[in-house]
file model07.txt (compact mmCIF, C-alpha atoms)
# COMPACT_ATOMS: atom_id res chain seq x y z
CA MET L 1 15.81 40.98 23.74
CA ASN L 2 12.72 41.11 21.51
CA VAL L 3 10.25 39.70 24.03
CA GLU L 4 7.33 39.80 21.59
CA ALA L 5 9.23 37.65 19.09
CA VAL L 6 10.07 35.09 21.76
CA LYS L 7 6.45 35.03 22.95
CA SER L 8 5.17 34.59 19.38
CA ILE L 9 7.40 31.57 18.73
CA TYR L 10 6.74 30.12 22.18
CA PHE L 11 2.95 30.38 22.07
CA PHE L 12 2.82 29.15 18.47
CA GLU L 13 4.66 25.98 19.52
CA MET L 14 2.52 25.56 22.62
CA ALA L 15 -0.62 25.94 20.48
CA ARG L 16 0.56 22.99 18.38
CA THR L 17 0.44 20.87 21.53
CA ARG L 18 -3.18 21.85 22.15
CA ARG L 19 -4.06 20.93 18.57
CA THR L 20 -2.47 17.48 18.93
CA LEU L 21 -3.50 16.78 22.53
CA LEU L 22 -4.04 13.05 21.94
CA GLN L 23 -0.56 12.54 20.51
CA SER L 24 1.29 15.05 22.66
CA VAL L 25 -0.12 14.36 26.12
CA ILE L 26 -2.52 11.44 26.34
CA SER L 27 -0.36 8.98 24.39
CA PRO L 28 2.77 9.22 26.62
CA VAL L 29 0.62 9.06 29.76
CA ILE L 30 -1.08 5.87 28.56
CA SER L 31 2.28 4.36 27.57
CA THR L 32 3.75 5.10 30.99
CA SER L 33 0.68 3.67 32.73
CA LEU L 34 1.19 0.46 30.77
CA TYR L 35 4.79 0.33 32.02
CA PHE L 36 3.48 0.43 35.60
CA ILE L 37 0.93 -2.28 34.90
CA VAL L 38 3.23 -4.61 32.96
CA PHE L 39 6.40 -4.16 35.00
CA GLY L 40 4.46 -4.06 38.25
CA ALA L 41 2.84 -7.41 37.45
CA ALA L 42 5.73 -9.17 35.69
CA VAL L 43 8.78 -7.84 37.54
CA GLY L 44 7.28 -6.37 40.68
CA SER L 45 5.99 -9.78 41.73
CA ARG L 46 9.59 -11.05 41.74
CA ILE L 47 11.37 -7.91 42.99
CA GLN L 48 9.37 -6.66 45.94
CA GLU L 49 11.78 -3.93 47.00
CA VAL L 50 14.98 -2.24 45.88
CA GLU L 51 16.97 -0.77 48.77
CA GLY L 52 13.88 -0.48 50.91
CA VAL L 53 11.68 1.08 48.20
CA SER L 54 8.87 -0.81 46.46
CA TYR L 55 9.75 -1.74 42.90
CA GLY L 56 6.91 0.32 41.40
CA ALA L 57 8.04 3.42 43.28
CA PHE L 58 11.68 2.70 42.40
CA ILE L 59 11.05 2.77 38.63
CA THR L 60 8.93 5.95 38.77
CA PRO L 61 11.85 8.41 38.38
CA GLY L 62 13.24 6.34 35.52
CA LEU L 63 9.89 6.33 33.71
CA ILE L 64 9.56 10.09 34.15
CA MET L 65 13.07 10.61 32.83
CA LEU L 66 12.44 8.23 29.92
CA THR L 67 9.42 10.29 28.88
CA LEU L 68 11.10 13.63 29.56
CA LEU L 69 14.10 12.85 27.35
CA GLY L 70 11.97 11.59 24.48
CA GLN L 71 9.53 14.50 24.62
CA CYS L 72 12.16 17.23 24.91
CA ILE L 73 14.31 15.85 22.10
CA GLY L 74 11.30 15.20 19.86
CA ASN L 75 9.70 18.60 20.41
CA GLY L 76 13.00 20.45 20.22
CA SER L 77 14.01 18.81 16.95
CA PHE L 78 10.62 18.94 15.20
CA GLY L 79 10.02 22.55 16.21
CA ILE L 80 12.95 23.88 14.17
CA TYR L 81 13.02 21.17 11.48
CA PHE L 82 9.44 21.69 10.30
CA PRO L 83 9.99 25.36 9.34
CA LYS L 84 13.06 24.22 7.39
CA PHE L 85 11.02 21.50 5.70
CA THR L 86 8.17 23.82 4.72
CA GLY L 87 10.39 26.80 3.89
CA THR L 88 8.84 29.10 6.49
CA ILE L 89 12.25 29.35 8.16
CA TYR L 90 13.03 32.15 5.70
CA GLU L 91 10.19 34.23 7.14
CA ILE L 92 11.69 33.86 10.60
CA LEU L 93 15.23 34.59 9.43
CA SER L 94 14.15 37.68 7.49
CA ALA L 95 12.29 39.11 10.49
CA PRO L 96 14.07 41.39 12.99
CA VAL L 97 14.59 38.48 15.36
CA ALA L 98 17.97 37.46 16.78
CA MET L 99 19.10 33.83 16.72
CA THR L 100 19.11 33.76 20.52
CA GLU L 101 15.46 34.82 20.52
CA ILE L 102 14.58 32.05 18.08
CA LEU L 103 16.44 29.62 20.32
CA VAL L 104 14.69 30.76 23.50
CA GLY L 105 11.27 30.54 21.85
CA TYR L 106 11.65 27.03 20.42
CA VAL L 107 13.67 25.51 23.25
CA GLY L 108 11.50 27.15 25.90
CA ALA L 109 8.37 25.62 24.35
CA ALA L 110 9.99 22.18 23.99
CA ALA L 111 11.20 22.21 27.60
CA THR L 112 7.80 23.39 28.86
CA LYS L 113 5.97 20.62 27.02
CA GLY L 114 8.41 18.00 28.29
CA MET L 115 8.12 19.16 31.90
CA LEU L 116 4.33 19.40 31.67
CA ILE L 117 4.05 15.80 30.55
CA GLY L 118 6.64 14.75 33.15
CA PHE L 119 4.57 16.30 35.94
CA ILE L 120 1.41 14.66 34.60
CA ILE L 121 3.17 11.30 34.69
CA LEU L 122 4.35 12.01 38.24
CA LEU L 123 0.74 12.60 39.25
CA THR L 124 -0.34 9.48 37.35
CA ALA L 125 2.29 7.41 39.17
CA ASN L 126 0.63 8.23 42.48
CA LEU L 127 -2.41 6.28 41.29
CA PHE L 128 -0.29 3.11 41.13
CA VAL L 129 2.42 3.47 43.78
CA ASP L 130 3.31 5.52 46.84
CA VAL L 131 5.76 8.15 45.59
CA ARG L 132 7.67 10.39 47.97
CA ILE L 133 10.11 13.20 47.19
CA GLU L 134 12.84 13.63 49.80
CA HIS L 135 14.53 16.60 48.11
CA PRO L 136 11.97 18.59 46.09
CA PHE L 137 14.41 21.40 45.25
CA MET L 138 16.95 18.96 43.79
CA MET L 139 14.16 17.14 41.96
CA ILE L 140 13.04 20.36 40.29
CA LEU L 141 16.66 21.31 39.53
CA PHE L 142 17.42 17.98 37.83
CA PHE L 143 14.05 18.14 36.07
CA LEU L 144 14.63 21.66 34.77
CA LEU L 145 18.27 21.16 33.72
CA THR L 146 17.44 17.91 31.93
CA ALA L 147 14.48 19.46 30.10
CA ILE L 148 16.48 22.47 28.92
CA THR L 149 19.57 20.46 27.99
CA PHE L 150 17.76 17.85 25.93
CA SER L 151 15.52 20.43 24.30
CA LEU L 152 18.74 22.14 23.19
CA PHE L 153 20.03 18.77 22.01
CA GLY L 154 16.82 18.22 20.06
CA PHE L 155 17.17 21.69 18.54
CA ILE L 156 20.65 20.72 17.33
CA ILE L 157 19.27 17.50 15.81
CA GLY L 158 16.56 19.50 14.03
CA ILE L 159 19.17 21.79 12.50
CA TRP L 160 21.42 18.88 11.52
CA ALA L 161 18.67 16.72 9.98
CA THR L 162 17.97 17.03 6.27
CA ASN L 163 15.10 14.51 6.18
CA PHE L 164 12.64 12.81 8.53
CA GLU L 165 14.82 9.70 8.73
CA GLN L 166 17.70 11.67 10.19
CA LEU L 167 15.28 13.58 12.41
CA ASN L 168 14.12 10.34 14.06
CA LEU L 169 17.48 8.54 14.04
CA ILE L 170 18.78 9.61 17.45
CA PRO L 171 15.42 9.94 19.31
CA MET L 172 14.24 6.50 18.13
CA LEU L 173 17.42 4.41 17.86
CA VAL L 174 19.89 5.92 20.33
CA VAL L 175 18.06 7.53 23.25
CA PRO L 176 15.61 4.69 24.19
CA PRO L 177 18.34 2.00 24.51
CA LEU L 178 20.53 4.35 26.55
CA THR L 179 17.57 5.11 28.82
CA PHE L 180 16.58 1.47 29.27
CA LEU L 181 20.20 0.51 29.97
CA GLY L 182 20.73 3.53 32.22
CA GLY L 183 19.03 2.06 35.27
CA SER L 184 15.44 3.05 34.56
CA PHE L 185 14.11 -0.32 35.76
CA TYR L 186 16.92 -1.60 37.95
CA SER L 187 19.88 -0.59 40.07
CA ILE L 188 23.23 -1.21 38.40
CA ASP L 189 24.33 -2.85 41.67
CA MET L 190 22.29 -5.83 40.44
CA LEU L 191 24.65 -6.24 37.49
CA PRO L 192 27.94 -8.16 37.39
CA PRO L 193 31.04 -5.98 38.02
CA PHE L 194 31.97 -5.81 34.32
CA TRP L 195 28.56 -4.50 33.27
CA GLN L 196 28.52 -2.07 36.17
CA THR L 197 31.70 -0.57 34.73
CA VAL L 198 30.21 -0.45 31.24
CA SER L 199 27.07 1.26 32.58
CA HIS L 200 29.16 4.16 33.89
CA PHE L 201 29.93 5.11 30.27
CA ASN L 202 26.22 5.64 29.67
CA PRO L 203 25.47 9.36 30.21
CA VAL L 204 21.79 8.69 30.88
CA LEU L 205 22.74 6.70 33.99
CA TYR L 206 23.83 9.91 35.70
CA LEU L 207 20.57 11.66 34.90
CA ILE L 208 18.37 8.86 36.20
CA SER L 209 20.57 8.24 39.25
CA GLY L 210 20.55 11.88 40.32
CA PHE L 211 16.83 12.22 39.68
CA ARG L 212 16.06 9.06 41.68
CA TRP L 213 18.23 10.30 44.55
CA SER L 214 16.04 13.40 44.83
CA PHE L 215 13.08 11.07 45.41
CA TYR L 216 14.40 8.34 47.73
CA GLU L 217 18.06 9.17 48.45
CA ILE L 218 18.97 6.10 46.41
CA ALA L 219 21.65 6.57 43.77
CA ASP L 220 24.00 4.49 41.66
CA VAL L 221 26.25 7.54 41.29
CA ASN L 222 27.02 10.40 43.65
CA PRO L 223 24.32 13.06 42.98
CA VAL L 224 26.98 15.78 42.83
CA ILE L 225 28.62 13.91 39.94
CA SER L 226 25.22 13.51 38.28
CA LEU L 227 24.59 17.25 38.56
CA ALA L 228 28.05 17.97 37.16
CA MET L 229 27.43 15.65 34.19
CA ILE L 230 24.17 17.30 33.17
CA THR L 231 25.83 20.72 33.54
CA VAL L 232 28.70 19.66 31.27
CA PHE L 233 26.26 18.37 28.67
CA LEU L 234 24.35 21.66 28.87
CA VAL L 235 27.56 23.63 28.25
CA ILE L 236 28.43 21.37 25.29
CA CYS L 237 25.00 21.94 23.73
CA LEU L 238 25.26 25.71 24.21
CA GLY L 239 28.76 25.72 22.71
CA THR L 240 27.58 23.71 19.71
CA LEU L 241 24.68 26.08 19.11
CA ALA L 242 26.98 29.09 19.40
CA TRP L 243 29.10 27.60 16.61
CA ILE L 244 25.99 26.84 14.52
CA PHE L 245 24.71 30.40 14.85
CA LYS L 246 28.13 31.81 14.01
CA THR L 247 28.56 29.73 10.86
CA GLY L 248 24.88 29.40 9.81
CA TYR L 249 25.36 25.64 9.47
CA ARG L 250 22.32 24.09 7.72
CA LEU L 251 19.99 26.68 9.14
CA ARG L 252 18.63 27.58 5.72
CA ASN L 253 18.56 24.06 4.26
call {"tool": "encode", "arguments": {"input": "model07.txt", "output": "structure tokens"}}
result
Amino acid sequence: MNVEAVKSIYFFEMARTRRTLLQSVISPVISTSLYFIVFGAAVGSRIQEVEGVSYGAFITPGLIMLTLLGQCIGNGSFGIYFPKFTGTIYEILSAPVAMTEILVGYVGAAATKGMLIGFIILLTANLFVDVRIEHPFMMILFFLLTAITFSLFGFIIGIWATNFEQLNLIPMLVVPPLTFLGGSFYSIDMLPPFWQTVSHFNPVLYLISGFRWSFYEIADVNPVISLAMITVFLVICLGTLAWIFKTGYRLRN
């Protein structure tokens, strides 16, 4: 592997984060803090605890996952789409750099930025609620797998998109509703039986459930199933990218 090529792409993408610090880091932290304030005041006053955990602490894993998904998909998609948009993708493709090295550079940077912001939000949450992590290894595993998987997913979106409208279609219109309806702010046990069944068709439910279990041993779904679901999605993303690299689908558009 051409390590220098990977490092060049990776550090270039990370430098973009430093140049847009207000948008990349401060904005999501402020937004998440507002969630704690608003939901803590409006909902927390009515729901004191969920399965023995204070409501503010209960929603913390969901808020982290909400931010992590959005950041990883957004950074992963924009990172590869912008070179296509400006035409600089040809410089990358003409260089002695393998497609896997391009992938590692862009996806590695997107996952790093997503995890960095996620950890900042975790630290911020401790200012509002008492957060404990029962299984730190599983927390990091879910965190890492989710960041990599959805950065890969964002990379696929960036390759597929031919304009900014398509680029923002899934991150803005599909992912947020799935995250909100995936148990970020409630346990699906609170729902009627029919809607509990419907919720199990939401893939984000498994991510949030497994991640929350690593904090408080509270889960809507068996954590082993949650881990299996994120692994399956990771394999699907890798398989899709293997096909894209083999066929050159939209990579030069």
call {"tool": "atom_distance", "arguments": {"input": "model07.txt", "atom1": "atom CA of Lys7 of chain L", "atom2": "atom CA of Glu101 of chain L"}}
result
9.3 Å
call {"tool": "closest_atom_pairs", "arguments": {"input": "model07.txt", "of": "segment 134-176 of chain L", "to": "segment 225-228 of chain L", "cutoff": "9 Å", "atoms": "all atoms listed in the file", "output": "tab-separated table"}}
result
residue	atom	partner	partner_atom	distance
L:Leu141	CA	L:Leu227	CA	9.0
L:Phe142	CA	L:Leu227	CA	7.2
L:Leu145	CA	L:Leu227	CA	8.9
call {"tool": "atom_distance", "arguments": {"input": "model07.txt", "atom1": "atom CA of Ser77 of chain L", "atom2": "atom CA of Ala110 of chain L"}}
result
8.8 Å
call {"tool": "closest_residue", "arguments": {"input": "model07.txt", "among": "L:Pro203, L:Phe36, L:Val198, L:Met190", "to": "Pro61 of chain L", "atoms": "all atoms listed in the file"}}
result
L:Phe36
call {"tool": "residues_around", "arguments": {"input": "model07.txt", "residues": "Phe233 of chain L", "least_positions_apart": "6", "cutoff": "12 Å", "atoms": "all atoms listed in the file", "output": "list in words"}}
result
Leu145, Thr146, Ala147, Ile148, Thr149, Phe150, Ser151, Leu152, Phe153, Pro203, Val204, Tyr206, Leu207, Ser226, Leu227, Gly239 and Thr240 of chain L
call {"tool": "atom_distance", "arguments": {"input": "model07.txt", "atom1": "atom CA of Ala109 of chain L", "atom2": "atom CA of Met172 of chain L"}}
result
20.9 Å
call {"tool": "residues_around", "arguments": {"input": "model07.txt", "residues": "Val29 of chain L", "least_positions_apart": "3", "cutoff": "12 Å", "atoms": "all atoms listed in the file", "output": "list in words"}}
result
Leu21, Leu22, Gln23, Ser24, Val25, Ile26, Thr32, Ser33, Leu34, Tyr35, Phe36, Leu63, Ile64, Leu66, Thr67, Leu68, Gln71, Gly114, Leu116, Ile117, Gly118, Phe119, Ile120, Ile121, Leu122, Leu123, Thr124 and Ala125 of chain L
call {"tool": "closest_residue", "arguments": {"input": "model07.txt", "among": "L:Tyr106, L:Thr60, L:Pro223, L:Ile230", "to": "Leu127 of chain L", "atoms": "only C-alpha atoms"}}
result
L:Thr60
call {"tool": "residues_around", "arguments": {"input": "model07.txt", "residues": "Gly183 of chain L", "least_positions_apart": "2", "cutoff": "12 Å", "atoms": "only C-alpha atoms", "output": "MDAnalysis selection string"}}
result
chainID L and resid 58:63 65:66 176:181 185:191 195:196 199:200 202:212 218:221
call {"tool": "axis_aligned_box", "arguments": {"input": "model07.txt", "around": "segment 131-146 of chain L", "padding_each_side": "8 Å", "output": "lines of an AutoDock Vina configuration file"}}
result
center_x = 12.0
center_y = 14.9
center_z = 40.9
size_x = 28.5
size_y = 29.5
size_z = 33.9
call {"tool": "residues_around", "arguments": {"input": "model07.txt", "residues": "Met1 of chain L", "least_positions_apart": "3", "cutoff": "9 Å", "atoms": "all atoms listed in the file", "output": "list in words"}}
result
Glu4, Ala5, Val6, Val97, Ala98, Thr100 and Glu101 of chain L
call {"tool": "write_last_selection", "arguments": {"input": "model07.txt", "atoms": "C-alpha atoms", "output": "PDB file, keeping the file's coordinate frame"}}
result
ATOM      1  CA  GLU L   4       7.330  39.800  21.590  1.00  0.00           C
ATOM      2  CA  ALA L   5       9.230  37.650  19.090  1.00  0.00           C
ATOM      3  CA  VAL L   6      10.070  35.090  21.760  1.00  0.00           C
ATOM      4  CA  VAL L  97      14.590  38.480  15.360  1.00  0.00           C
ATOM      5  CA  ALA L  98      17.970  37.460  16.780  1.00  0.00           C
ATOM      6  CA  THR L 100      19.110  33.760  20.520  1.00  0.00           C
ATOM      7  CA  GLU L 101      15.460  34.820  20.520  1.00  0.00           C
TER       8      GLU L 101
END
call {"tool": "decode", "arguments": {"input": "model07.txt", "residues": "segment 73-90 of chain L", "atoms": "N, CA, C and O atoms", "output": "mmCIF file, in the first residue's frame"}}
result
data_model
loop_
_atom_site.group_PDB
_atom_site.id
_atom_site.type_symbol
_atom_site.label_atom_id
_atom_site.label_comp_id
_atom_site.auth_asym_id
_atom_site.auth_seq_id
_atom_site.Cartn_x
_atom_site.Cartn_y
_atom_site.Cartn_z
ATOM 1 N N ILE L 73 -21.677 10.262 7.372
ATOM 2 C CA ILE L 73 -22.258 10.238 6.031
ATOM 3 C C ILE L 73 -21.934 11.536 5.297
ATOM 4 O O ILE L 73 -21.531 11.521 4.122
ATOM 5 N N GLY L 74 -22.091 12.667 5.983
ATOM 6 C CA GLY L 74 -21.830 13.957 5.348
ATOM 7 C C GLY L 74 -20.379 14.119 4.932
ATOM 8 O O GLY L 74 -20.084 14.518 3.795
ATOM 9 N N ASN L 75 -19.459 13.794 5.826
ATOM 10 C CA ASN L 75 -18.033 13.927 5.494
ATOM 11 C C ASN L 75 -17.601 12.913 4.446
ATOM 12 O O ASN L 75 -16.801 13.232 3.560
ATOM 13 N N GLY L 76 -18.124 11.686 4.547
ATOM 14 C CA GLY L 76 -17.757 10.667 3.583
ATOM 15 C C GLY L 76 -18.236 10.981 2.178
ATOM 16 O O GLY L 76 -17.528 10.739 1.188
ATOM 17 N N SER L 77 -19.443 11.538 2.076
ATOM 18 C CA SER L 77 -20.003 11.842 0.760
ATOM 19 C C SER L 77 -19.373 13.099 0.159
ATOM 20 O O SER L 77 -19.001 13.115 -1.024
ATOM 21 N N PHE L 78 -19.211 14.141 0.966
ATOM 22 C CA PHE L 78 -18.664 15.394 0.442
ATOM 23 C C PHE L 78 -17.199 15.242 0.054
ATOM 24 O O PHE L 78 -16.732 15.849 -0.918
ATOM 25 N N GLY L 79 -16.472 14.415 0.826
ATOM 26 C CA GLY L 79 -15.049 14.255 0.567
ATOM 27 C C GLY L 79 -14.744 13.776 -0.838
ATOM 28 O O GLY L 79 -13.805 14.270 -1.479
ATOM 29 N N ILE L 80 -15.538 12.827 -1.364
ATOM 30 C CA ILE L 80 -15.284 12.306 -2.706
ATOM 31 C C ILE L 80 -16.090 13.050 -3.759
ATOM 32 O O ILE L 80 -15.681 13.130 -4.919
ATOM 33 N N TYR L 81 -17.235 13.640 -3.373
ATOM 34 C CA TYR L 81 -18.045 14.349 -4.370
ATOM 35 C C TYR L 81 -17.382 15.649 -4.810
ATOM 36 O O TYR L 81 -17.416 15.993 -5.999
ATOM 37 N N PHE L 82 -16.772 16.380 -3.864
ATOM 38 C CA PHE L 82 -16.210 17.682 -4.217
ATOM 39 C C PHE L 82 -15.113 17.575 -5.269
ATOM 40 O O PHE L 82 -15.085 18.385 -6.209
ATOM 41 N N PRO L 83 -14.186 16.602 -5.195
ATOM 42 C CA PRO L 83 -13.223 16.450 -6.292
ATOM 43 C C PRO L 83 -13.894 16.139 -7.626
ATOM 44 O O PRO L 83 -13.411 16.587 -8.673
ATOM 45 N N LYS L 84 -14.993 15.399 -7.601
ATOM 46 C CA LYS L 84 -15.739 15.159 -8.841
ATOM 47 C C LYS L 84 -16.326 16.460 -9.366
ATOM 48 O O LYS L 84 -16.302 16.737 -10.573
ATOM 49 N N PHE L 85 -16.865 17.262 -8.457
ATOM 50 C CA PHE L 85 -17.521 18.510 -8.834
ATOM 51 C C PHE L 85 -16.531 19.503 -9.423
ATOM 52 O O PHE L 85 -16.826 20.207 -10.404
ATOM 53 N N THR L 86 -15.342 19.585 -8.822
ATOM 54 C CA THR L 86 -14.348 20.552 -9.280
ATOM 55 C C THR L 86 -13.460 20.013 -10.402
ATOM 56 O O THR L 86 -12.737 20.777 -11.042
ATOM 57 N N GLY L 87 -13.493 18.709 -10.621
ATOM 58 C CA GLY L 87 -12.671 18.106 -11.667
ATOM 59 C C GLY L 87 -11.304 17.655 -11.200
ATOM 60 O O GLY L 87 -10.532 17.084 -11.981
ATOM 61 N N THR L 88 -10.988 17.885 -9.922
ATOM 62 C CA THR L 88 -9.677 17.465 -9.419
ATOM 63 C C THR L 88 -9.594 15.951 -9.217
ATOM 64 O O THR L 88 -8.514 15.438 -8.929
ATOM 65 N N ILE L 89 -10.706 15.256 -9.382
ATOM 66 C CA ILE L 89 -10.680 13.798 -9.272
ATOM 67 C C ILE L 89 -9.751 13.190 -10.315
ATOM 68 O O ILE L 89 -9.145 12.141 -10.098
ATOM 69 N N TYR L 90 -9.605 13.875 -11.460
ATOM 70 C CA TYR L 90 -8.736 13.344 -12.516
ATOM 71 C C TYR L 90 -7.274 13.354 -12.076
ATOM 72 O O TYR L 90 -6.495 12.489 -12.490
#
